[in-house]
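Colleague: If it helps, the file is called structure_30.txt and holds compact mmCIF, C-alpha atoms:
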```txt
# COMPACT_ATOMS: atom_id res chain seq x y z
CA MET A 159 44.92 83.21 -153.49
CA ASP A 160 46.77 84.38 -156.66
CA GLN A 161 45.21 85.07 -160.05
CA GLN A 162 46.43 81.79 -161.55
CA HIS A 163 44.67 79.86 -158.76
CA GLU A 164 41.44 81.83 -159.21
CA PHE A 165 41.41 81.36 -162.99
CA CYS A 166 42.15 77.66 -162.63
CA ILE A 167 39.31 77.07 -160.16
CA LYS A 168 36.79 79.11 -162.18
CA THR A 169 37.53 77.33 -165.45
CA HIS A 170 38.49 73.78 -164.47
CA GLY A 171 37.66 73.32 -160.81
CA VAL A 172 39.84 72.46 -157.82
CA SER A 173 41.20 69.31 -159.53
CA CYS A 174 43.11 71.62 -161.89
CA LEU A 175 45.10 72.95 -158.96
CA ILE A 176 46.06 69.46 -157.87
CA ALA A 177 47.22 68.61 -161.40
CA GLU A 178 49.00 71.90 -162.11
CA TYR A 179 50.89 72.38 -158.83
CA SER A 180 52.85 69.91 -156.71
CA CYS A 181 52.06 71.74 -153.45
CA GLU A 182 50.09 74.61 -151.99
CA PHE A 183 51.51 78.14 -152.04
CA GLY A 184 52.94 78.96 -148.60
CA SER A 185 53.13 75.33 -147.43
CA MET A 186 56.22 73.86 -145.76
CA LYS A 187 56.95 71.86 -148.91
CA TYR A 188 56.76 75.06 -150.95
CA TYR A 189 59.26 76.87 -148.71
CA ALA A 190 61.56 73.82 -148.56
CA LEU A 191 61.69 73.57 -152.36
CA CYS A 192 62.26 77.34 -152.62
CA GLY A 193 65.20 76.88 -150.25
CA PHE A 194 66.52 74.05 -152.43
CA GLY A 195 66.23 76.33 -155.45
CA GLY A 196 68.31 78.87 -153.52
CA VAL A 197 70.99 76.25 -152.77
CA LEU A 198 71.36 75.44 -156.48
CA SER A 199 71.11 79.02 -157.73
CA CYS A 200 73.74 80.47 -155.37
CA GLY A 201 76.02 77.44 -154.84
CA LEU A 202 76.46 76.57 -158.52
CA THR A 203 76.79 80.11 -159.88
CA HIS A 204 79.28 81.39 -157.29
CA THR A 205 81.42 78.27 -157.73
CA ALA A 206 81.37 78.71 -161.52
CA VAL A 207 82.87 82.23 -161.26
CA VAL A 208 85.56 81.39 -158.67
CA PRO A 209 88.42 82.35 -161.08
CA LEU A 210 86.94 85.83 -161.66
CA ASP A 211 86.17 86.22 -157.96
CA LEU A 212 89.75 85.21 -157.06
CA VAL A 213 91.25 87.85 -159.39
CA LYS A 214 88.78 90.49 -158.10
CA CYS A 215 89.75 89.77 -154.47
CA ARG A 216 93.45 89.95 -155.29
CA MET A 217 92.97 93.27 -157.11
CA GLN A 218 91.25 94.63 -154.00
CA VAL A 219 93.90 93.54 -151.48
CA ASP A 220 97.02 94.05 -153.65
CA PRO A 221 96.32 96.60 -156.42
CA GLN A 222 100.04 97.19 -157.02
CA LYS A 223 100.59 93.58 -158.10
CA TYR A 224 97.20 92.88 -159.73
CA LYS A 225 96.60 96.00 -161.84
CA GLY A 226 93.51 94.90 -163.76
CA ILE A 227 91.37 91.90 -164.75
CA PHE A 228 93.59 90.64 -167.57
CA ASN A 229 96.81 91.42 -165.73
CA GLY A 230 95.36 89.69 -162.65
CA PHE A 231 94.61 86.52 -164.63
CA SER A 232 98.06 86.64 -166.26
CA VAL A 233 99.93 86.99 -162.94
CA THR A 234 97.82 84.26 -161.28
CA LEU A 235 98.36 81.81 -164.16
CA LYS A 236 102.12 82.54 -164.17
CA GLU A 237 102.49 81.98 -160.41
CA ASP A 238 99.89 79.29 -159.64
CA GLY A 239 99.05 77.69 -162.98
CA VAL A 240 95.54 76.84 -164.19
CA ARG A 241 94.72 74.98 -160.95
CA GLY A 242 95.45 78.18 -159.03
CA LEU A 243 92.35 79.80 -160.56
CA ALA A 244 90.16 77.29 -158.72
CA LYS A 245 91.52 78.18 -155.26
CA GLY A 246 88.73 78.57 -152.75
CA TRP A 247 86.10 76.60 -154.69
CA ALA A 248 85.11 74.39 -151.70
CA PRO A 249 84.32 77.17 -149.18
CA THR A 250 82.64 79.07 -152.02
CA PHE A 251 80.33 76.17 -152.88
CA ILE A 252 79.49 75.31 -149.24
CA GLY A 253 79.16 78.91 -148.06
CA TYR A 254 77.02 80.19 -150.92
CA SER A 255 74.82 77.08 -150.93
CA MET A 256 74.01 77.77 -147.26
CA GLN A 257 73.50 81.44 -148.05
CA GLY A 258 71.20 80.64 -150.98
CA LEU A 259 69.10 78.33 -148.81
CA CYS A 260 68.47 81.15 -146.32
CA LYS A 261 68.33 84.01 -148.84
CA PHE A 262 65.65 82.59 -151.15
CA GLY A 263 63.86 80.37 -148.64
CA PHE A 264 63.50 83.06 -145.97
CA TYR A 265 62.65 85.72 -148.57
CA GLU A 266 59.57 83.76 -149.55
CA VAL A 267 58.68 83.29 -145.87
CA PHE A 268 59.19 86.94 -144.87
CA LYS A 269 57.39 88.22 -147.98
CA ALA A 270 54.33 86.12 -147.07
CA VAL A 271 54.48 87.10 -143.38
CA TYR A 272 54.87 90.84 -144.05
CA SER A 273 52.22 90.75 -146.79
CA ASN A 274 49.71 89.16 -144.41
CA MET A 275 50.56 91.75 -141.74
CA LEU A 276 49.93 94.63 -144.17
CA GLY A 277 46.79 93.26 -145.78
CA GLU A 278 46.05 92.95 -149.50
CA GLU A 279 45.69 96.67 -150.32
CA LYS A 280 48.74 97.96 -148.42
CA ALA A 281 50.83 95.02 -149.61
CA TYR A 282 50.15 96.18 -153.18
CA LEU A 283 50.64 99.91 -152.54
CA TRP A 284 53.83 99.38 -150.50
CA ARG A 285 55.11 96.41 -152.49
CA THR A 286 58.59 97.90 -153.08
CA SER A 287 59.01 98.43 -149.34
CA LEU A 288 57.69 94.90 -148.80
CA TYR A 289 60.36 93.46 -151.12
CA LEU A 290 63.07 95.53 -149.42
CA ALA A 291 62.03 94.49 -145.90
CA ALA A 292 61.61 90.79 -146.74
CA SER A 293 64.97 90.57 -148.55
CA ALA A 294 66.83 92.47 -145.79
CA SER A 295 65.38 90.14 -143.15
CA ALA A 296 66.34 87.04 -145.15
CA GLU A 297 69.88 88.26 -145.85
CA PHE A 298 70.53 88.95 -142.15
CA PHE A 299 70.32 85.21 -141.49
CA ALA A 300 71.92 84.23 -144.81
CA ASP A 301 75.12 86.14 -143.96
CA ILE A 302 75.48 84.38 -140.61
CA ALA A 303 75.43 81.11 -142.58
CA LEU A 304 77.91 82.45 -145.16
CA ALA A 305 80.47 84.25 -142.94
CA PRO A 306 82.70 81.29 -141.90
CA MET A 307 83.16 79.99 -145.44
CA GLU A 308 83.65 83.51 -146.86
CA ALA A 309 86.45 84.13 -144.34
CA ALA A 310 88.18 80.86 -145.29
CA LYS A 311 87.75 81.55 -149.02
CA VAL A 312 89.41 84.98 -148.83
CA ARG A 313 92.34 83.62 -146.79
CA ILE A 314 92.93 80.85 -149.33
CA GLN A 315 92.67 83.20 -152.32
CA THR A 316 94.60 86.25 -151.07
CA GLN A 317 97.31 84.96 -148.69
CA PRO A 318 100.00 83.10 -150.65
CA GLY A 319 101.19 80.03 -148.78
CA TYR A 320 98.53 80.28 -146.05
CA ALA A 321 96.47 77.28 -147.20
CA ASN A 322 95.42 75.65 -150.46
CA THR A 323 92.26 73.89 -149.28
CA LEU A 324 89.42 74.36 -146.81
CA ARG A 325 90.70 71.38 -144.79
CA ASP A 326 93.99 73.22 -144.29
CA ALA A 327 92.56 76.70 -143.76
CA ALA A 328 89.74 76.08 -141.23
CA PRO A 329 91.83 74.41 -138.44
CA LYS A 330 94.63 76.96 -138.93
CA MET A 331 92.21 79.89 -138.63
CA TYR A 332 90.61 78.43 -135.50
CA LYS A 333 94.01 77.81 -133.90
CA GLU A 334 95.16 81.38 -134.56
CA GLU A 335 92.04 83.40 -133.70
CA GLY A 336 89.33 81.03 -132.45
CA LEU A 337 85.73 81.48 -133.64
CA ASN A 338 86.38 85.19 -134.19
CA ALA A 339 88.35 84.30 -137.33
CA PHE A 340 85.16 82.99 -138.92
CA TYR A 341 82.73 85.68 -137.77
CA LYS A 342 84.75 88.90 -137.59
CA GLY A 343 83.66 89.63 -141.14
CA VAL A 344 79.93 89.20 -140.51
CA ALA A 345 79.25 92.93 -139.89
CA PRO A 346 80.99 94.02 -143.12
CA LEU A 347 79.15 91.15 -144.84
CA TRP A 348 75.86 92.63 -143.66
CA MET A 349 77.07 96.02 -144.97
CA ARG A 350 77.80 94.44 -148.35
CA GLN A 351 75.11 91.80 -148.72
CA ILE A 352 72.01 93.42 -147.20
CA PRO A 353 72.00 96.44 -149.58
CA TYR A 354 72.96 94.05 -152.40
CA THR A 355 70.10 91.66 -151.65
CA MET A 356 67.57 94.45 -151.12
CA MET A 357 68.49 95.80 -154.56
CA LYS A 358 68.60 92.28 -156.04
CA PHE A 359 65.07 91.34 -154.97
CA ALA A 360 63.27 94.71 -155.16
CA CYS A 361 64.84 95.66 -158.50
CA PHE A 362 64.14 92.20 -159.91
CA GLU A 363 60.49 92.17 -158.79
CA ARG A 364 59.79 95.66 -160.16
CA THR A 365 61.73 95.00 -163.41
CA VAL A 366 59.71 91.82 -164.06
CA GLU A 367 56.54 93.84 -163.47
CA ALA A 368 57.74 96.57 -165.88
CA LEU A 369 58.84 94.10 -168.58
CA TYR A 370 55.45 92.40 -168.67
CA LYS A 371 53.69 95.76 -168.63
CA PHE A 372 55.75 97.69 -171.20
CA VAL A 373 57.99 95.29 -173.17
CA VAL A 374 56.50 91.79 -173.47
CA PRO A 375 53.80 91.98 -176.17
CA LYS A 376 51.36 89.61 -174.46
CA PRO A 377 50.14 88.93 -170.88
CA ARG A 378 52.27 86.64 -168.69
CA SER A 379 49.48 84.05 -168.57
CA GLU A 380 49.78 83.65 -172.37
CA CYS A 381 53.59 83.30 -172.31
CA THR A 382 55.16 79.85 -172.42
CA LYS A 383 57.33 78.71 -169.49
CA ALA A 384 60.43 79.24 -171.69
CA GLU A 385 59.36 82.82 -172.51
CA GLN A 386 58.74 83.53 -168.83
CA LEU A 387 62.25 82.25 -168.00
CA VAL A 388 63.77 84.61 -170.60
CA VAL A 389 62.02 87.54 -168.88
CA THR A 390 63.38 86.24 -165.56
CA PHE A 391 66.95 86.19 -166.96
CA VAL A 392 66.77 89.73 -168.41
CA ALA A 393 65.28 91.17 -165.21
CA GLY A 394 67.95 89.35 -163.20
CA TYR A 395 70.79 90.87 -165.23
CA ILE A 396 69.41 94.40 -164.90
CA ALA A 397 69.06 93.90 -161.14
CA GLY A 398 72.61 92.47 -160.96
CA VAL A 399 74.26 95.57 -162.45
CA PHE A 400 72.64 97.79 -159.80
CA CYS A 401 73.54 95.26 -157.08
CA ALA A 402 77.23 95.33 -157.98
CA ILE A 403 77.45 99.13 -157.80
CA VAL A 404 75.55 99.42 -154.50
CA SER A 405 77.55 96.75 -152.66
CA HIS A 406 81.07 97.13 -154.10
CA PRO A 407 82.64 99.46 -151.46
CA ALA A 408 81.68 97.06 -148.65
CA ASP A 409 82.92 94.12 -150.74
CA SER A 410 86.36 95.76 -150.93
CA VAL A 411 86.43 96.21 -147.14
CA VAL A 412 85.46 92.54 -146.57
CA SER A 413 88.24 91.32 -148.85
CA VAL A 414 90.94 93.37 -147.09
CA LEU A 415 89.55 92.67 -143.61
CA ASN A 416 89.63 88.90 -144.02
CA LYS A 417 93.21 89.08 -145.30
CA GLU A 418 94.57 91.16 -142.41
CA LYS A 419 94.66 90.34 -138.72
CA GLY A 420 93.69 92.91 -136.12
CA SER A 421 92.17 95.48 -138.50
CA SER A 422 88.67 96.89 -138.09
CA ALA A 423 86.25 97.74 -140.88
CA SER A 424 86.53 101.50 -140.17
CA GLN A 425 90.36 101.35 -140.27
CA VAL A 426 90.32 99.51 -143.60
CA LEU A 427 87.75 101.93 -145.03
CA GLN A 428 89.83 104.93 -143.94
CA ARG A 429 93.02 103.51 -145.43
CA LEU A 430 91.46 102.54 -148.77
CA GLY A 431 89.81 105.92 -149.25
CA PHE A 432 87.08 106.76 -151.78
CA LYS A 433 89.10 105.71 -154.83
CA GLY A 434 90.39 102.50 -153.26
CA VAL A 435 86.97 101.03 -152.43
CA TRP A 436 85.97 101.12 -156.12
CA LYS A 437 88.93 99.00 -157.30
CA GLY A 438 87.75 95.94 -159.24
CA LEU A 439 84.25 97.37 -159.90
CA PHE A 440 84.23 96.49 -163.63
CA ALA A 441 85.11 92.87 -162.85
CA ARG A 442 82.39 92.78 -160.21
CA ILE A 443 79.73 94.23 -162.55
CA ILE A 444 80.47 91.48 -165.09
CA MET A 445 80.51 88.85 -162.36
CA ILE A 446 77.45 90.00 -160.39
CA GLY A 447 75.35 90.85 -163.47
CA THR A 448 75.86 87.39 -164.93
CA LEU A 449 75.60 85.76 -161.51
CA THR A 450 72.32 87.44 -160.57
CA ALA A 451 70.72 86.69 -163.94
CA LEU A 452 71.73 83.02 -163.72
CA GLN A 453 70.60 82.78 -160.08
CA TRP A 454 67.10 84.03 -160.87
CA PHE A 455 66.98 81.81 -163.97
CA ILE A 456 68.00 78.68 -162.00
CA TYR A 457 65.68 79.57 -159.10
CA ASP A 458 62.68 80.06 -161.38
CA SER A 459 63.60 76.91 -163.35
CA VAL A 460 63.52 74.90 -160.10
CA LYS A 461 60.04 76.29 -159.42
CA VAL A 462 58.93 75.27 -162.92
CA TYR A 463 60.53 71.80 -162.65
CA PHE A 464 58.90 71.03 -159.28
CA ARG A 465 55.60 72.60 -160.39
CA LEU A 466 55.52 75.19 -157.62
CA PRO A 467 52.92 77.98 -157.68
CA ARG A 468 54.42 81.04 -159.41
CA PRO A 469 52.07 83.99 -158.86
CA PRO A 470 52.07 86.60 -161.66
CA PRO A 471 53.27 90.20 -161.07
CA PRO A 472 50.96 91.91 -158.57
CA GLU A 473 47.86 93.74 -159.78
CA MET A 474 45.78 96.30 -157.95
CA PRO A 475 43.13 94.57 -155.79
CA GLU A 476 39.52 95.13 -156.84
CA SER A 477 38.71 96.68 -153.45
CA LEU A 478 41.40 99.32 -153.98
CA LYS A 479 40.20 100.01 -157.52
CA LYS A 480 36.72 100.72 -156.13
CA LYS A 481 38.12 103.03 -153.45
CA LEU A 482 40.09 104.97 -156.06
CA GLY A 483 37.09 105.10 -158.41
CA LEU A 484 38.83 103.07 -161.12
CA THR A 485 35.92 100.67 -161.63
CA GLN A 486 32.29 101.26 -162.54
```
If you took the structure in this file and wrote it as structure tokens, what would it be?
Modeller:
Amino acid sequence: MDQQHEFCIKTHGVSCLIAEYSCEFGSMKYYALCGFGGVLSCGLTHTAVVPLDLVKCRMQVDPQKYKGIFNGFSVTLKEDGVRGLAKGWAPTFIGYSMQGLCKFGFYEVFKAVYSNMLGEEKAYLWRTSLYLAASASAEFFADIALAPMEAAKVRIQTQPGYANTLRDAAPKMYKEEGLNAFYKGVAPLWMRQIPYTMMKFACFERTVEALYKFVVPKPRSECTKAEQLVVTFVAGYIAGVFCAIVSHPADSVVSVLNKEKGSSASQVLQRLGFKGVWKGLFARIIMIGTLTALQWFIYDSVKVYFRLPRPPPPEMPESLKKKLGLTQ
């Protein structure tokens, strides 16, 4: 039971819990609503930055033509018009909504499962490892859900004349390469997304903890919901910058791999070289920083709206304090 629950019961009784929260922490309803929060946070944000993502992908697969962010936008507008910047929005929305469902929903599940396996004291001492393990486990399944739509999105965005919509691209891809067309990028996706998500969740959790400890002038329990959401946004942006750097080389490989037929991840990596895999990093830092901050903000807002339990940053259990001689 978290500290909010304990305080609520001590001061107002069990009826307070019923009034304050819409469901019990760890219940099926709790996980379902967390998954819904993930759908909104990932689906909406990734769709909103489709124009920037399109230019980034084109810079990665054709750096001679698309020399930078502004040049990339200029060339795209000249060739495809304003509507061309929205290419790939449908697979982006569907794919990242599915990914968000698994990423956030399963993260909550795995965090609870691993925490129970470790016990209260070890879960606190090894909490960074707990966040890393839970997020990696969740992202493994999230990428399987994302892979088909990611493959279609990259084809639409980076192959001129291949297809303009998901309805055109999906049957064409299946006809040419079968199911492999949709899942050949899943291994590079794991390479890109698992380190990204591990950084996204672990960095976010520890940054929130640090902000409340060293920056926010009052305890979290005394902060308003709006103030708590501001902390969420700031921690999300900090986590996003680190995420972009960690996952960018694999992102470059995924973009090229989905454009080309018959290439393997190792061949693409070898051809791009060290310098080539960092192309488009600045655009990705802007995109992922903003994206990650908004995702955490939307996700936490969903929790607030549906009155889900939101445990405060972890504190050392009393039993551990006694063992370490920190209490009288």
Colleague: Could you list, as JSON, numbers by chain, every residue within 10 Å of Arg350 (chain A), counting only C-alpha atoms and ignoring same-chain residues fewer than 2 positions away?
Modeller: {"A": [301, 344, 345, 346, 347, 348, 352, 353, 354, 355, 401, 402, 404, 405, 406, 407, 408, 409, 410, 411, 412]}
Colleague: Which neighbours of Ala368 (chain A) fall inside 12 Å, counting all atoms listed in the file, when residues of the same chain fewer than 6 positions from it are skipped, and could you give them as a list in words?
Modeller: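 Near neighbours after the sequence-gap exclusion: Cys361, Phe362, Val374, Pro375, Pro377, Arg378, Val389, Thr390, Val392, Ala393, Ile396, Pro471, Pro472 and Glu473 of chain A.
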Colleague: Please indicate the distance in Å from CA of Phe440 (chain A) to CA of Gln453 (chain A), rounded to one decimal place.
Modeller: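 Computed distance, CA of Phe440 (chain A) to CA of Gln453 (chain A), equals 19.7 Å.
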Colleague: Go ahead and find all residues with at least one atom no further than 6 Å from (77.8, 81.2, -145.3) in the file's coordinates, using only C-alpha atoms; report them as a PyMOL selection string.
Modeller: chain A and resi 253-254+256-257+301+303-307
Colleague: To one decimal in Å, tell me the separation between CA of Cys192 (chain A) and CA of Ser295 (chain A).
Modeller: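 Computed distance, CA of Cys192 (chain A) to CA of Ser295 (chain A), equals 16.2 Å.
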Colleague: Just checking: using only C-alpha atoms, which residue out of A:Gly343, A:Gly258, A:Gly242, A:Pro209 ends up closest to Gly319 (chain A)?
Modeller: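 Answer, going by the shortest atom-to-atom distance: A:Gly242.
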Colleague: What is the distance, in Å and to one decimal place, between CA of Ser185 (chain A) and CA of Phe262 (chain A)?
Modeller: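 CA of Phe262 (chain A) lies 14.9 Å from CA of Ser185 (chain A).
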